[in-house]
file work.cif (mmCIF, C-alpha atoms)
data_my_file
#
loop_
_atom_site.group_PDB
_atom_site.id
_atom_site.type_symbol
_atom_site.label_atom_id
_atom_site.label_comp_id
_atom_site.auth_asym_id
_atom_site.auth_seq_id
_atom_site.Cartn_x
_atom_site.Cartn_y
_atom_site.Cartn_z
ATOM 1 C CA MET A 1 100.196 120.335 73.279
ATOM 2 C CA GLU A 2 99.045 117.078 74.849
ATOM 3 C CA ILE A 3 95.477 115.961 74.091
ATOM 4 C CA ASN A 4 93.872 114.367 77.145
ATOM 5 C CA ARG A 5 90.193 115.177 76.619
ATOM 6 C CA ILE A 6 88.271 115.927 73.460
ATOM 7 C CA GLY A 7 84.780 117.261 72.897
ATOM 8 C CA LEU A 8 82.704 115.623 70.174
ATOM 9 C CA LEU A 9 79.651 117.180 68.507
ATOM 10 C CA THR A 10 77.415 116.767 65.470
ATOM 11 C CA SER A 11 75.930 119.819 63.821
ATOM 12 C CA GLY A 12 73.855 120.852 60.814
ATOM 13 C CA GLY A 13 71.581 118.444 58.972
ATOM 14 C CA ASP A 14 71.902 114.845 60.156
ATOM 15 C CA ALA A 15 73.368 112.286 57.776
ATOM 16 C CA PRO A 16 73.421 108.471 57.904
ATOM 17 C CA GLY A 17 76.787 107.418 59.282
ATOM 18 C CA MET A 18 77.148 110.184 61.863
ATOM 19 C CA ASN A 19 76.706 107.625 64.640
ATOM 20 C CA ALA A 20 79.352 105.398 63.068
ATOM 21 C CA ALA A 21 81.698 108.404 63.094
ATOM 22 C CA ILE A 22 80.910 109.024 66.773
ATOM 23 C CA ARG A 23 81.756 105.390 67.538
ATOM 24 C CA ALA A 24 85.046 105.593 65.651
ATOM 25 C CA VAL A 25 86.124 108.823 67.357
ATOM 26 C CA VAL A 26 85.313 107.530 70.842
ATOM 27 C CA ARG A 27 86.971 104.153 70.403
ATOM 28 C CA THR A 28 90.091 105.620 68.795
ATOM 29 C CA ALA A 29 90.296 108.073 71.695
ATOM 30 C CA CYS A 30 89.901 105.232 74.197
ATOM 31 C CA ALA A 31 92.659 103.258 72.480
ATOM 32 C CA ASN A 32 94.933 106.261 73.025
ATOM 33 C CA LYS A 33 93.810 106.872 76.624
ATOM 34 C CA ILE A 34 91.982 110.085 75.711
ATOM 35 C CA GLU A 35 88.659 110.971 77.351
ATOM 36 C CA THR A 36 85.688 111.964 75.195
ATOM 37 C CA LEU A 37 82.872 114.294 76.165
ATOM 38 C CA GLY A 38 79.860 114.071 73.885
ATOM 39 C CA ILE A 39 78.332 117.517 73.330
ATOM 40 C CA ARG A 40 74.586 117.341 72.789
ATOM 41 C CA ARG A 41 72.732 119.562 70.299
ATOM 42 C CA GLY A 42 75.758 120.952 68.503
ATOM 43 C CA TYR A 43 77.198 124.348 69.355
ATOM 44 C CA ASN A 44 74.131 125.188 71.393
ATOM 45 C CA GLY A 45 75.102 122.378 73.754
ATOM 46 C CA LEU A 46 78.662 123.636 73.896
ATOM 47 C CA ILE A 47 77.458 127.067 74.993
ATOM 48 C CA ASN A 48 75.223 125.562 77.679
ATOM 49 C CA GLY A 49 77.534 122.792 78.852
ATOM 50 C CA ASP A 50 75.145 120.043 77.746
ATOM 51 C CA VAL A 51 77.659 117.194 77.752
ATOM 52 C CA THR A 52 77.947 113.512 78.594
ATOM 53 C CA GLU A 53 80.941 111.236 79.022
ATOM 54 C CA LEU A 54 81.353 108.694 76.245
ATOM 55 C CA GLY A 55 83.327 105.522 76.768
ATOM 56 C CA HIS A 56 83.992 102.327 74.860
ATOM 57 C CA ARG A 57 80.693 100.675 75.816
ATOM 58 C CA ASP A 58 78.593 103.807 75.337
ATOM 59 C CA VAL A 59 79.025 103.609 71.575
ATOM 60 C CA LYS A 60 78.416 99.889 71.194
ATOM 61 C CA GLY A 61 76.132 99.041 68.274
ATOM 62 C CA LEU A 62 76.115 102.504 66.700
ATOM 63 C CA ASN A 63 77.374 101.459 63.266
ATOM 64 C CA ASN A 64 73.908 100.576 61.988
ATOM 65 C CA ALA A 65 72.017 103.430 63.689
ATOM 66 C CA GLY A 66 70.764 106.354 61.630
ATOM 67 C CA GLY A 67 70.603 109.926 62.913
ATOM 68 C CA THR A 68 72.921 111.049 65.709
ATOM 69 C CA ILE A 69 72.794 110.104 69.379
ATOM 70 C CA LEU A 70 74.272 113.531 70.183
ATOM 71 C CA TYR A 71 71.380 115.307 68.435
ATOM 72 C CA THR A 72 71.801 118.382 66.288
ATOM 73 C CA ALA A 73 70.312 121.862 66.544
ATOM 74 C CA ARG A 74 70.710 125.356 65.169
ATOM 75 C CA SER A 75 72.237 127.935 67.497
ATOM 76 C CA PRO A 76 71.570 131.583 66.628
ATOM 77 C CA GLU A 77 73.495 132.535 69.776
ATOM 78 C CA TYR A 78 76.621 130.812 68.501
ATOM 79 C CA ASN A 79 76.532 133.031 65.412
ATOM 80 C CA THR A 80 77.428 135.967 67.646
ATOM 81 C CA GLU A 81 80.873 136.840 69.006
ATOM 82 C CA GLU A 82 79.541 136.520 72.544
ATOM 83 C CA GLY A 83 78.203 133.038 71.812
ATOM 84 C CA VAL A 84 81.542 131.787 70.503
ATOM 85 C CA GLN A 85 83.287 133.211 73.562
ATOM 86 C CA LYS A 86 80.836 131.372 75.835
ATOM 87 C CA ALA A 87 81.569 128.131 73.984
ATOM 88 C CA ALA A 88 85.327 128.662 74.350
ATOM 89 C CA LYS A 89 84.902 129.301 78.082
ATOM 90 C CA THR A 90 82.898 126.068 78.384
ATOM 91 C CA CYS A 91 85.773 124.197 76.771
ATOM 92 C CA LYS A 92 88.209 125.684 79.268
ATOM 93 C CA TYR A 93 85.908 124.967 82.207
ATOM 94 C CA LEU A 94 85.409 121.334 81.185
ATOM 95 C CA GLY A 95 89.071 120.780 80.382
ATOM 96 C CA ILE A 96 88.409 120.112 76.710
ATOM 97 C CA ASP A 97 91.711 120.236 74.830
ATOM 98 C CA ALA A 98 90.236 119.960 71.311
ATOM 99 C CA ILE A 99 86.926 119.634 69.484
ATOM 100 C CA VAL A 100 85.969 117.054 66.857
ATOM 101 C CA CYS A 101 82.919 118.214 64.894
ATOM 102 C CA VAL A 102 80.914 116.154 62.416
ATOM 103 C CA GLY A 103 78.874 118.025 59.807
ATOM 104 C CA GLY A 104 79.148 120.359 56.834
ATOM 105 C CA ASP A 105 80.402 123.840 55.948
ATOM 106 C CA GLY A 106 78.411 125.590 58.680
ATOM 107 C CA THR A 107 79.801 123.167 61.246
ATOM 108 C CA PHE A 108 83.342 123.830 60.083
ATOM 109 C CA ARG A 109 82.871 127.590 60.175
ATOM 110 C CA GLY A 110 81.840 127.167 63.803
ATOM 111 C CA ALA A 111 84.958 125.128 64.467
ATOM 112 C CA ARG A 112 87.129 127.778 62.843
ATOM 113 C CA ASP A 113 85.625 130.431 65.105
ATOM 114 C CA LEU A 114 86.552 128.327 68.136
ATOM 115 C CA ALA A 115 90.059 127.802 66.795
ATOM 116 C CA LYS A 116 90.574 131.565 66.650
ATOM 117 C CA LEU A 117 89.951 131.630 70.396
ATOM 118 C CA GLY A 118 92.527 128.936 71.045
ATOM 119 C CA VAL A 119 90.436 125.749 70.937
ATOM 120 C CA PRO A 120 91.993 123.302 68.440
ATOM 121 C CA SER A 121 89.466 121.575 66.191
ATOM 122 C CA ILE A 122 89.100 119.057 63.425
ATOM 123 C CA GLY A 123 86.107 118.491 61.147
ATOM 124 C CA ILE A 124 84.645 115.288 59.720
ATOM 125 C CA PRO A 125 82.527 115.919 56.580
ATOM 126 C CA ALA A 126 79.039 114.421 56.843
ATOM 127 C CA THR A 127 76.311 115.729 54.543
ATOM 128 C CA ILE A 128 74.002 113.992 52.086
ATOM 129 C CA ASP A 129 74.568 116.857 49.620
ATOM 130 C CA ASN A 130 78.222 115.732 49.204
ATOM 131 C CA ASP A 131 79.159 119.384 48.700
ATOM 132 C CA ILE A 132 82.276 119.752 50.866
ATOM 133 C CA ALA A 133 84.876 120.824 48.331
ATOM 134 C CA CYS A 134 88.026 119.471 49.982
ATOM 135 C CA THR A 135 86.804 115.863 49.916
ATOM 136 C CA ASN A 136 85.647 113.573 47.132
ATOM 137 C CA TYR A 137 83.117 111.974 49.450
ATOM 138 C CA CYS A 138 81.027 112.948 52.491
ATOM 139 C CA ILE A 139 79.484 110.567 55.013
ATOM 140 C CA GLY A 140 75.795 109.969 54.298
ATOM 141 C CA PHE A 141 75.754 110.494 50.537
ATOM 142 C CA ASP A 142 75.622 106.843 49.515
ATOM 143 C CA THR A 143 72.806 106.016 51.934
ATOM 144 C CA ALA A 144 70.744 109.000 50.797
ATOM 145 C CA CYS A 145 71.233 107.968 47.161
ATOM 146 C CA ASN A 146 70.098 104.422 47.870
ATOM 147 C CA THR A 147 67.062 105.632 49.836
ATOM 148 C CA ALA A 148 65.988 107.849 46.942
ATOM 149 C CA ILE A 149 66.627 105.129 44.357
ATOM 150 C CA GLU A 150 64.514 102.611 46.257
ATOM 151 C CA ALA A 151 61.617 105.065 46.475
ATOM 152 C CA ILE A 152 61.834 106.019 42.794
ATOM 153 C CA ASP A 153 62.000 102.391 41.663
ATOM 154 C CA LYS A 154 58.705 101.806 43.465
ATOM 155 C CA LEU A 155 57.181 104.933 41.976
ATOM 156 C CA ARG A 156 58.172 103.794 38.504
ATOM 157 C CA ASP A 157 56.011 100.684 38.839
ATOM 158 C CA THR A 158 52.844 102.709 39.295
ATOM 159 C CA MET A 159 53.870 105.407 36.803
ATOM 160 C CA HIS A 160 54.372 102.673 34.210
ATOM 161 C CA SER A 161 50.986 101.128 35.003
ATOM 162 C CA HIS A 162 49.184 104.449 34.521
ATOM 163 C CA GLU A 163 51.405 105.766 31.690
ATOM 164 C CA ARG A 164 52.272 108.935 33.564
ATOM 165 C CA CYS A 165 55.128 111.356 34.078
ATOM 166 C CA SER A 166 56.772 111.327 37.495
ATOM 167 C CA LEU A 167 58.614 114.332 38.924
ATOM 168 C CA VAL A 168 60.654 113.512 42.017
ATOM 169 C CA GLU A 169 62.298 116.168 44.160
ATOM 170 C CA VAL A 170 65.461 115.150 45.978
ATOM 171 C CA MET A 171 67.452 117.223 48.431
ATOM 172 C CA GLY A 172 70.070 119.711 47.286
ATOM 173 C CA HIS A 173 69.519 123.442 47.807
ATOM 174 C CA HIS A 174 72.778 124.505 46.210
ATOM 175 C CA ALA A 175 74.286 121.230 44.980
ATOM 176 C CA GLY A 176 73.004 118.725 42.440
ATOM 177 C CA HIS A 177 75.314 115.796 43.214
ATOM 178 C CA LEU A 178 72.504 113.745 44.753
ATOM 179 C CA ALA A 179 70.151 114.450 41.841
ATOM 180 C CA VAL A 180 72.746 113.480 39.220
ATOM 181 C CA TYR A 181 73.756 110.209 40.891
ATOM 182 C CA VAL A 182 70.162 109.213 41.553
ATOM 183 C CA GLY A 183 69.081 110.246 38.065
ATOM 184 C CA ILE A 184 71.738 108.086 36.415
ATOM 185 C CA ALA A 185 70.895 105.133 38.658
ATOM 186 C CA VAL A 186 67.169 105.181 37.870
ATOM 187 C CA GLY A 187 67.555 106.052 34.184
ATOM 188 C CA ALA A 188 65.721 109.362 34.413
ATOM 189 C CA ASN A 189 64.603 111.176 31.254
ATOM 190 C CA ALA A 190 65.780 114.508 32.654
ATOM 191 C CA ILE A 191 67.764 115.755 35.654
ATOM 192 C CA LEU A 192 67.484 119.352 36.845
ATOM 193 C CA VAL A 193 70.158 120.760 39.153
ATOM 194 C CA PRO A 194 70.785 124.226 40.646
ATOM 195 C CA GLU A 195 74.232 124.486 39.022
ATOM 196 C CA ARG A 196 72.749 124.438 35.520
ATOM 197 C CA THR A 197 70.061 126.714 34.075
ATOM 198 C CA TYR A 198 67.689 124.444 32.216
ATOM 199 C CA ASP A 199 65.734 125.124 29.037
ATOM 200 C CA PHE A 200 62.253 123.653 29.316
ATOM 201 C CA GLN A 201 61.860 122.831 25.626
ATOM 202 C CA SER A 202 65.220 121.153 25.018
ATOM 203 C CA ASP A 203 65.828 119.658 28.458
ATOM 204 C CA ILE A 204 62.322 118.375 29.205
ATOM 205 C CA ALA A 205 59.630 118.709 26.517
ATOM 206 C CA ASP A 206 61.735 117.536 23.554
ATOM 207 C CA LYS A 207 63.079 114.551 25.511
ATOM 208 C CA ILE A 208 59.557 113.496 26.439
ATOM 209 C CA ARG A 209 58.399 113.847 22.829
ATOM 210 C CA ARG A 210 61.314 111.782 21.476
ATOM 211 C CA SER A 211 60.679 109.096 24.050
ATOM 212 C CA ARG A 212 56.984 108.949 23.195
ATOM 213 C CA ILE A 213 57.772 108.561 19.492
ATOM 214 C CA GLN A 214 60.048 105.642 20.390
ATOM 215 C CA GLY A 215 57.193 103.997 22.287
ATOM 216 C CA ARG A 216 57.903 104.959 25.868
ATOM 217 C CA THR A 217 54.755 105.547 27.928
ATOM 218 C CA HIS A 218 56.130 106.735 31.273
ATOM 219 C CA PHE A 219 58.739 109.357 32.120
ATOM 220 C CA ASP A 220 60.953 110.108 35.129
ATOM 221 C CA ILE A 221 62.317 113.560 35.925
ATOM 222 C CA ILE A 222 64.610 114.155 38.912
ATOM 223 C CA VAL A 223 64.646 117.680 40.344
ATOM 224 C CA ALA A 224 67.029 118.994 43.001
ATOM 225 C CA GLU A 225 65.105 121.128 45.491
ATOM 226 C CA GLY A 226 67.228 124.201 44.750
ATOM 227 C CA VAL A 227 66.028 124.344 41.136
ATOM 228 C CA GLY A 228 62.677 125.974 41.951
ATOM 229 C CA ASP A 229 58.995 125.172 42.400
ATOM 230 C CA ILE A 230 58.484 121.601 41.209
ATOM 231 C CA GLN A 231 54.722 122.115 41.015
ATOM 232 C CA GLU A 232 55.257 124.867 38.432
ATOM 233 C CA ILE A 233 57.446 122.548 36.401
ATOM 234 C CA ALA A 234 54.732 119.892 36.527
ATOM 235 C CA ALA A 235 52.085 122.400 35.403
ATOM 236 C CA HIS A 236 54.284 123.439 32.479
ATOM 237 C CA ILE A 237 54.737 119.809 31.411
ATOM 238 C CA LYS A 238 50.976 119.245 31.469
ATOM 239 C CA GLU A 239 50.370 122.368 29.399
ATOM 240 C CA GLU A 240 53.035 121.556 26.801
ATOM 241 C CA THR A 241 52.710 117.764 26.459
ATOM 242 C CA GLY A 242 49.227 116.866 27.673
ATOM 243 C CA LEU A 243 50.660 114.412 30.188
ATOM 244 C CA ASP A 244 49.298 114.264 33.726
ATOM 245 C CA PRO A 245 52.444 114.593 35.894
ATOM 246 C CA ARG A 246 52.629 113.358 39.470
ATOM 247 C CA VAL A 247 54.924 115.139 41.925
ATOM 248 C CA THR A 248 56.699 113.335 44.751
ATOM 249 C CA ILE A 249 58.853 115.214 47.272
ATOM 250 C CA LEU A 250 61.052 112.728 49.103
ATOM 251 C CA GLY A 251 62.075 115.251 51.763
ATOM 252 C CA HIS A 252 63.695 114.163 55.007
ATOM 253 C CA ILE A 253 63.246 110.460 54.340
ATOM 254 C CA GLN A 254 66.594 110.789 52.551
ATOM 255 C CA ARG A 255 68.338 111.660 55.819
ATOM 256 C CA GLY A 256 67.188 108.601 57.743
ATOM 257 C CA GLY A 257 67.787 104.888 57.824
ATOM 258 C CA ALA A 258 70.673 102.567 58.537
ATOM 259 C CA PRO A 259 73.849 103.665 56.741
ATOM 260 C CA THR A 260 75.210 101.606 53.875
ATOM 261 C CA ALA A 261 78.484 99.697 54.100
ATOM 262 C CA ARG A 262 80.248 102.538 52.298
ATOM 263 C CA ASP A 263 79.069 105.126 54.806
ATOM 264 C CA ARG A 264 79.876 102.928 57.807
ATOM 265 C CA VAL A 265 83.402 102.222 56.612
ATOM 266 C CA THR A 266 84.014 105.832 55.534
ATOM 267 C CA ALA A 267 82.829 107.068 58.930
ATOM 268 C CA ALA A 268 85.109 104.594 60.705
ATOM 269 C CA ARG A 269 88.141 105.660 58.683
ATOM 270 C CA MET A 270 87.454 109.386 59.039
ATOM 271 C CA GLY A 271 86.737 109.140 62.767
ATOM 272 C CA ARG A 272 90.004 107.356 63.439
ATOM 273 C CA HIS A 273 91.940 109.792 61.241
ATOM 274 C CA ALA A 274 90.444 112.791 63.049
ATOM 275 C CA VAL A 275 91.678 111.657 66.462
ATOM 276 C CA GLU A 276 95.086 110.577 65.206
ATOM 277 C CA THR A 277 95.501 113.923 63.447
ATOM 278 C CA LEU A 278 94.984 115.712 66.764
ATOM 279 C CA ILE A 279 97.414 113.360 68.523
ATOM 280 C CA ALA A 280 100.003 114.145 65.833
ATOM 281 C CA GLY A 281 99.678 117.847 66.651
ATOM 282 C CA ARG A 282 97.904 118.901 63.445
ATOM 283 C CA TYR A 283 95.075 121.178 64.483
ATOM 284 C CA ASN A 284 92.270 123.074 62.774
ATOM 285 C CA ARG A 285 91.919 120.624 59.912
ATOM 286 C CA VAL A 286 89.120 119.007 57.884
ATOM 287 C CA VAL A 287 89.387 115.285 57.155
ATOM 288 C CA SER A 288 89.260 114.448 53.457
ATOM 289 C CA ILE A 289 89.140 111.469 51.127
ATOM 290 C CA GLN A 290 91.025 111.986 47.874
ATOM 291 C CA HIS A 291 90.883 109.088 45.402
ATOM 292 C CA GLY A 292 90.282 106.664 48.262
ATOM 293 C CA ASP A 293 93.119 107.925 50.468
ATOM 294 C CA LEU A 294 92.668 109.836 53.726
ATOM 295 C CA GLN A 295 94.093 113.345 53.929
ATOM 296 C CA ASP A 296 93.340 116.521 55.866
ATOM 297 C CA PHE A 297 93.189 120.183 54.855
ATOM 298 C CA ASP A 298 93.668 123.406 56.753
ATOM 299 C CA ILE A 299 90.187 124.503 57.790
ATOM 300 C CA ASP A 300 90.541 127.983 56.276
ATOM 301 C CA GLU A 301 91.660 126.496 52.964
ATOM 302 C CA ALA A 302 88.830 123.952 53.049
ATOM 303 C CA LEU A 303 86.204 126.650 53.553
ATOM 304 C CA THR A 304 87.423 128.707 50.596
ATOM 305 C CA MET A 305 87.343 125.797 48.162
ATOM 306 C CA LYS A 306 84.403 125.422 45.756
ATOM 307 C CA LYS A 307 82.941 122.158 44.511
ATOM 308 C CA GLY A 308 81.142 122.049 41.186
ATOM 309 C CA LEU A 309 79.334 119.169 39.550
ATOM 310 C CA GLN A 310 81.517 116.342 38.332
ATOM 311 C CA GLU A 311 81.358 117.028 34.615
ATOM 312 C CA THR A 312 81.808 113.410 33.533
ATOM 313 C CA MET A 313 78.849 112.375 35.683
ATOM 314 C CA TYR A 314 76.652 115.173 34.378
ATOM 315 C CA ASP A 315 77.593 114.342 30.786
ATOM 316 C CA THR A 316 76.840 110.660 31.422
ATOM 317 C CA ALA A 317 73.389 111.617 32.709
ATOM 318 C CA ARG A 318 72.759 113.825 29.679
ATOM 319 C CA ILE A 319 73.850 111.237 27.119
ATOM 320 C CA LEU A 320 72.031 108.296 28.668
ATOM 321 C CA SER A 321 68.785 110.248 29.055
ATOM 322 C CA ILE A 322 68.374 110.516 25.268
ATOM 323 C CA GLY A 323 65.496 108.341 24.102
#

call {"tool": "encode", "arguments": {"input": "work.cif", "output": "structure tokens"}}
result
Amino acid sequence: MEINRIGLLTSGGDAPGMNAAIRAVVRTACANKIETLGIRRGYNGLINGDVTELGHRDVKGLNNAGGTILYTARSPEYNTEEGVQKAAKTCKYLGIDAIVCVGGDGTFRGARDLAKLGVPSIGIPATIDNDIACTNYCIGFDTACNTAIEAIDKLRDTMHSHERCSLVEVMGHHAGHLAVYVGIAVGANAILVPERTYDFQSDIADKIRRSRIQGRTHFDIIVAEGVGDIQEIAAHIKEETGLDPRVTILGHIQRGGAPTARDRVTAARMGRHAVETLIAGRYNRVVSIQHGDLQDFDIDEALTMKKGLQETMYDTARILSIG
């Protein structure tokens, strides 16, 4: 099958570096004389034919832009069989030979549904949760980590001045990768993640007590949002230790901002690989980085894979948080 025109969309939660991926896909396509149609607002835009032509100049200067110029939106209609069929018909009507989609698991499930109806696809992993199992790294993770670290470093200054306990909630409904990396970087006393059931006494209260005995007057606890109600954790700390905790929820600030060098370069490499994979006739794949090298996995295989916490990182966080 010859690829003459591709559709390009971003879907799911936005991640820093998505625009850099868009730029890489478009320019690699241009270099191979392939047209690119940008699909606005994810699969909802594909259903409704909300598209725009993207050429070499249209993506100029996107490397340092956060968010996604193609926008992203949820599409309840696409979750139905009729919705997927509408999207496939749009592809046929517009002469789209293949779809490149940038996002996470939900985005790739949408691409797989299209593939079943004869529309070849390839996915580029971009999520600040870094929870796509087939790849060591997802676009956006490094930027989100650095955004959280910068905020927590500033919080520490005032927590130290007032001798208080700071609880900071970072993103991660089902995955604690962000919490662990950030926690190690800021030297947190405790890190709570959804993959591990924590014991309040041993994982929080005892660590605070040991630190106080050793002369520490302020304490940092990083909590992934999927762990539970951070306000309840704060109330428990106050009751057990007498400290006056302050809760900070970083929220969507972690999704924004100019991507770091790592995310820009990763997006460039993945975007190029996605287009060249289609040109080579390998369809329905997810781009992956394994130990620094680019690979790609069958989309069905990628979606069945599970990604747990990196044990060495979690152990590092646990050991270094003592005292």

call {"tool": "resolve_selection", "arguments": {"input": "work.cif", "expression": "the PyMOL selection byres ((chain A and resi 87) around 10)", "output": "list in words"}}
result
Tyr43, Asn44, Gly45, Leu46, Ile47, Asn48, Gly49, Tyr78, Glu82, Gly83, Val84, Gln85, Lys86, Ala88, Lys89, Thr90, Cys91, Lys92, Tyr93, Leu114, Leu117 and Val119 of chain A

call {"tool": "residues_around", "arguments": {"input": "work.cif", "residues": "region 307-313 of chain A", "least_positions_apart": "4", "cutoff": "9 Å", "atoms": "only C-alpha atoms", "output": "list in words"}}
result
Asp131, Ile132, Ala133, Cys134, Ala175, Gly176, His177, Val180, Tyr181, Ile184, Glu195, Ala317 and Arg318 of chain A

call {"tool": "atom_distance", "arguments": {"input": "work.cif", "atom1": "CA of Gln214 (chain A)", "atom2": "CA of Gly242 (chain A)"}}
result
17.2 Å

call {"tool": "residues_around", "arguments": {"input": "work.cif", "residues": "Ala115 (chain A)", "least_positions_apart": "2", "cutoff": "12 Å", "atoms": "only C-alpha atoms", "output": "PyMOL selection string"}}
result
chain A and resi 84-85+87-88+91+97-100+108-113+117-123+283-285+298-300

call {"tool": "axis_aligned_box", "arguments": {"input": "work.cif", "around": "region 269-285 of chain A", "padding_each_side": "4 Å", "output": "lines of an AutoDock Vina configuration file"}}
result
center_x = 93.4
center_y = 114.4
center_z = 63.6
size_x = 21.3
size_y = 25.4
size_z = 17.8

call {"tool": "residues_around", "arguments": {"input": "work.cif", "residues": "region 229-239 of chain A", "least_positions_apart": "5", "cutoff": "12 Å", "atoms": "all atoms listed in the file", "output": "PyMOL selection string"}}
result
chain A and resi 164-170+173+192-194+198-201+203-209+219-224+244-249

call {"tool": "atom_distance", "arguments": {"input": "work.cif", "atom1": "CA of Leu294 (chain A)", "atom2": "CA of Met18 (chain A)"}}
result
17.5 Å

call {"tool": "resolve_selection", "arguments": {"input": "work.cif", "expression": "the PyMOL selection byres ((chain A and resi 26) around 7)", "output": "number ranges by chain"}}
result
A: 22-25, 27-30, 36, 54-56

call {"tool": "atom_distance", "arguments": {"input": "work.cif", "atom1": "CA of Asn4 (chain A)", "atom2": "CA of Leu37 (chain A)"}}
result
11.0 Å

call {"tool": "closest_residue", "arguments": {"input": "work.cif", "among": "A:Met305, A:Leu155, A:Cys101, A:Leu320", "to": "Gly183 (chain A)", "atoms": "only C-alpha atoms"}}
result
A:Leu320

call {"tool": "residues_around", "arguments": {"input": "work.cif", "residues": "Thr52 (chain A)", "least_positions_apart": "4", "cutoff": "8 Å", "atoms": "all atoms listed in the file", "output": "number ranges by chain"}}
result
A: 37-40

call {"tool": "residues_around", "arguments": {"input": "work.cif", "residues": "Asn146 (chain A)", "least_positions_apart": "5", "cutoff": "10 Å", "atoms": "all atoms listed in the file", "output": "JSON, numbers by chain"}}
result
{"A": [141, 151, 152, 181, 182, 185, 254, 259, 260]}
